[in-house]
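Participant: The structure is given below, and queries will be raised subsequently.
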Protein chains: 2
Amino acid sequence: MMEQIPFPVLRRVAICGGTHGNEMTGVFLVPELERRKKEKGDAGRSVAFTTVLSNPRAAKECRRYMDKDLNRCFTKDTLSCPITEDTPYEIQRAQELNSLLGPKGSDAAVDIICDLHNTTANMGLTIISYSWSNWIGLHVFKHLQATITSTPVRLVLINVPPCEAYSLESVAKYGISLEAGPQPQGIVRADVFNFMKQAVDAILEWTEIFNSGKVIKGGEVEAYLIQKSMDFPRDATTGQPTAAIHPQLQDQDFCLLQRGDPMFLTFSGETLNYEEEQPLHPLFINEAAYYEKGIAFHLALKKTMSIPSIRADTDGEKN
Amino acid sequence: MMEQIPFPVLRRVAICGGTHGNEMTGVFLVPELERRKKEKGDAGRSVAFTTVLSNPRAAKECRRYMDKDLNRCFTKDTLSCPITEDTPYEIQRAQELNSLLGPKGSDAAVDIICDLHNTTANMGLTIISYSWSNWIGLHVFKHLQATITSTPVRLVLINVPPCEAYSLESVAKYGISLEAGPQPQGIVRADVFNFMKQAVDAILEWTEIFNSGKVIKGGEVEAYLIQKSMDFPRDATTGQPTAAIHPQLQDQDFCLLQRGDPMFLTFSGETLNYEEEQPLHPLFINEAAYYEKGIAFHLALKKTMSIPSIRADTDGEKN
């Protein structure tokens, strides 16, 4: 019999949207979840779920952030820095969210944070996890992949130790970031809204199955491990991009980019090819928020990973 | 023989980009046109062309505007209001642009302004003209429709008298606004960049043909005349949208919307249909910049219009 790793029963899940204020699926899904909860209640659930509009000021102005990217503010240092009048809004808000949902790294932290994001890249539904041994997160991914059929569901792993993790979901015991796209900033598309709503419902459903004590079978999952980033070619004087993503690469997220494949098309019409020896998978191709970060796309290795069977320790719960 | 309306030879054309600072095709095409002009010169052209980055501050911050939508600042009143320290940046910039390219309504104004825009809507290449008798503009449209094959080319007419026209291109004798999409704000797509570049080249080419004195044949063109706008359903308390564009309408710009056709899908999953008697053509469906203006899409009538043959008055020129 396969090993079954026991985990404590899940008690609290937070669904967060608007961590980036111009990613509209979360901005509109959070009030809809609140409306539904008010209408139907959450009786019969073993899990309490909280909804949070993470960056209400930026959402109101339809901007990614006011002073600073909120989703880079959840490091230990930033969460413990003293607040003064001059502290950027997002640092103050990160500390508020840490009080509400954390404190990060403590027993009091919520079990799961699902943070809802959008991307202008053709990423379908992508689950991002910052740890290779976040078994709860990886099982949630497996459940979403089995449940959602209207768009591809994929897993991206960023191997950052918890102490260095900087994003909102790192405040929870098990953090999951959901990226849905393609969707321009500042608008909501019904197709993207619908598969994100389906994903949130599936996650809440999964927590109930898990809490019932049933063994959740492990198995193999495919994961994309980010290796490095590629910037646009830029003008040496102005620093401005001198090329766009090549039409043959645009919208082809998760394809295999091989030596000699077209990568950029300069504004004067010249094709620039991928010249690296190692074939890799491009992700977040032409994501609007990455222009200021100097990223045209990320490059990832695809790897098959084994995840163990897990079950809720309902005995522990009864004691 | 058909009537041939004589027009003065065209001497000055301005290509403007970045009037909205997060519409990146123009922001990147203007420097590319400048680079090419520096490299190849414009010897042999009968038309001098100027390139302008209309809102450099907003372009630098990748925002639509800083204080005020620049493309609403070109009315007589705004162009003549006194400038103080507190005058919004875009009003100051509008007056600068009016000095550079106008003054609006005077003989000194440039002949043609082509103002390059992007939309998140699936509008292909759309030429917008604010006057039904802008024969130069309508002939440019006809030439573009015959030249560009990689995307549909359509004409939208907004019947506003010149004195009320508020947009940048109204500063020229013949103003043409080019909308290219779908493209998210803040990114450049090579496919959209390429057809916009092709359009600008075709316009410059057409001005040379026109200036040669050759008769430019008239004929019939299809135009979409904007009748009204439709807002999203909104929450009475918060004012926030409670529905997205229905998936069957999303990306279907220029289709014919008939009574009973799905129009919106509420966030709780209910379909709302188009209930008007008159079938109309929806345009700018789900344009990001229109959320703050309370517009989900415009509705237009399609009409076939006759445009006369024209020719440059080269005799007048020689005298």
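Starting from 1 in every chain, residues are counted up; chains themselves are A, B, ... following the order of the structure tokens, and ligands are numbered from 1 as listed.
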When you get a sec, could you note down which chain A residues fall within 6 Å of chain B, using only C-alpha atoms, as an NGL selection string?
Facilitator: :A and (184 or 186-187 or 190 or 244 or 247 or 288)
Participant: Keeping only N, CA and C atoms, write the selected residues as a compact mmCIF listing (two decimals), in the first residue's frame.
Facilitator:
# COMPACT_ATOMS: atom_id res chain seq x y z
N PRO A 184 -6.87 41.12 -21.20
CA PRO A 184 -6.24 42.44 -21.04
C PRO A 184 -6.46 42.96 -19.63
N GLY A 186 -7.74 45.52 -16.96
CA GLY A 186 -8.83 46.50 -16.93
C GLY A 186 -10.14 46.04 -17.54
N ILE A 187 -10.20 44.82 -18.05
CA ILE A 187 -11.49 44.31 -18.52
C ILE A 187 -11.74 42.92 -17.93
N ALA A 190 -15.95 37.00 -19.99
CA ALA A 190 -16.83 35.99 -19.38
C ALA A 190 -16.19 34.61 -19.39
N ALA A 244 8.98 43.19 -31.01
CA ALA A 244 7.83 42.55 -30.36
C ALA A 244 8.07 41.04 -30.34
N PRO A 247 5.27 36.79 -34.16
CA PRO A 247 3.90 36.25 -34.30
C PRO A 247 3.84 34.72 -34.14
N ALA A 288 1.76 42.07 -19.85
CA ALA A 288 1.86 43.53 -19.78
C ALA A 288 2.65 44.00 -18.54
Participant: Running DSSP on the backbone, which parts of range 124-164 of chain A land in alpha helix (DSSP H), as JSON, numbers by chain?
Facilitator: {"A": [135, 136, 137, 138, 139, 140, 141, 142, 143, 144, 145, 146, 147]}
Participant: Since we have the selection now, will you write its residues out, keeping N, CA, C and O atoms, as a short mmCIF file (atom, residue, chain, number, x, y, z; two decimals), in the first residue's frame?
Facilitator:
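Listing of out-v2.cif after writing:
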data_model
loop_
_atom_site.label_atom_id
_atom_site.label_comp_id
_atom_site.auth_asym_id
_atom_site.auth_seq_id
_atom_site.Cartn_x
_atom_site.Cartn_y
_atom_site.Cartn_z
N TRP A 135 2.22 19.69 -0.79
CA TRP A 135 1.38 18.59 -1.29
C TRP A 135 -0.08 18.98 -1.42
O TRP A 135 -0.78 18.55 -2.33
N ILE A 136 -0.56 19.80 -0.48
CA ILE A 136 -1.95 20.26 -0.57
C ILE A 136 -2.13 21.03 -1.89
O ILE A 136 -3.06 20.77 -2.66
N GLY A 137 -1.23 21.96 -2.15
CA GLY A 137 -1.30 22.76 -3.38
C GLY A 137 -1.24 21.88 -4.62
O GLY A 137 -2.00 22.08 -5.58
N LEU A 138 -0.36 20.89 -4.61
CA LEU A 138 -0.22 20.03 -5.79
C LEU A 138 -1.45 19.14 -5.98
O LEU A 138 -1.85 18.88 -7.12
N HIS A 139 -2.06 18.71 -4.87
CA HIS A 139 -3.31 17.93 -5.00
C HIS A 139 -4.46 18.81 -5.51
O HIS A 139 -5.30 18.34 -6.27
N VAL A 140 -4.49 20.05 -5.05
CA VAL A 140 -5.51 20.97 -5.57
C VAL A 140 -5.34 21.11 -7.08
O VAL A 140 -6.30 21.03 -7.85
N PHE A 141 -4.10 21.29 -7.53
CA PHE A 141 -3.83 21.36 -8.97
C PHE A 141 -4.36 20.13 -9.69
O PHE A 141 -5.03 20.21 -10.72
N LYS A 142 -4.05 18.94 -9.13
CA LYS A 142 -4.47 17.67 -9.74
C LYS A 142 -6.00 17.62 -9.86
O LYS A 142 -6.54 17.19 -10.88
N HIS A 143 -6.67 18.09 -8.83
CA HIS A 143 -8.14 18.11 -8.84
C HIS A 143 -8.65 19.09 -9.90
O HIS A 143 -9.60 18.78 -10.64
N LEU A 144 -8.04 20.26 -10.00
CA LEU A 144 -8.46 21.25 -11.00
C LEU A 144 -8.24 20.70 -12.41
O LEU A 144 -9.08 20.89 -13.30
N GLN A 145 -7.12 20.03 -12.62
CA GLN A 145 -6.82 19.50 -13.95
C GLN A 145 -7.85 18.45 -14.35
O GLN A 145 -8.22 18.35 -15.52
N ALA A 146 -8.35 17.70 -13.36
CA ALA A 146 -9.36 16.67 -13.65
C ALA A 146 -10.75 17.28 -13.82
O ALA A 146 -11.62 16.69 -14.46
N THR A 147 -10.97 18.47 -13.25
CA THR A 147 -12.32 19.05 -13.20
C THR A 147 -12.60 20.01 -14.36
O THR A 147 -13.70 20.03 -14.90
#
Participant: Out of range 131-167 of chain B, which residues get strand (DSSP E or B) from DSSP, as a ChimeraX atom specification?
Facilitator: /B:153-157
Participant: Keeping only N, CA and C atoms, write the selected residues to a file as a PDB file, in the first residue's frame.
Facilitator:
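File produced: out_0.pdb:
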ATOM      1  N   VAL B 153     -10.722  45.781 -42.689  1.00  0.00           N
ATOM      2  CA  VAL B 153     -10.583  47.248 -42.610  1.00  0.00           C
ATOM      3  C   VAL B 153     -11.985  47.844 -42.717  1.00  0.00           C
ATOM      4  N   ARG B 154     -12.386  48.620 -41.721  1.00  0.00           N
ATOM      5  CA  ARG B 154     -13.755  49.159 -41.684  1.00  0.00           C
ATOM      6  C   ARG B 154     -13.738  50.647 -41.357  1.00  0.00           C
ATOM      7  N   LEU B 155     -14.883  51.279 -41.644  1.00  0.00           N
ATOM      8  CA  LEU B 155     -15.018  52.725 -41.471  1.00  0.00           C
ATOM      9  C   LEU B 155     -16.131  53.028 -40.473  1.00  0.00           C
ATOM     10  N   VAL B 156     -15.825  53.857 -39.492  1.00  0.00           N
ATOM     11  CA  VAL B 156     -16.829  54.301 -38.520  1.00  0.00           C
ATOM     12  C   VAL B 156     -16.957  55.817 -38.637  1.00  0.00           C
ATOM     13  N   LEU B 157     -18.178  56.282 -38.769  1.00  0.00           N
ATOM     14  CA  LEU B 157     -18.420  57.729 -38.883  1.00  0.00           C
ATOM     15  C   LEU B 157     -19.116  58.245 -37.632  1.00  0.00           C
TER      16      LEU B 157
END
Participant: Report the distance between CA of Gly175 in chain B and CA of Val110 in chain B in Å, rounded to one decimal place.
Facilitator: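 Those two atoms sit 9.6 Å apart.
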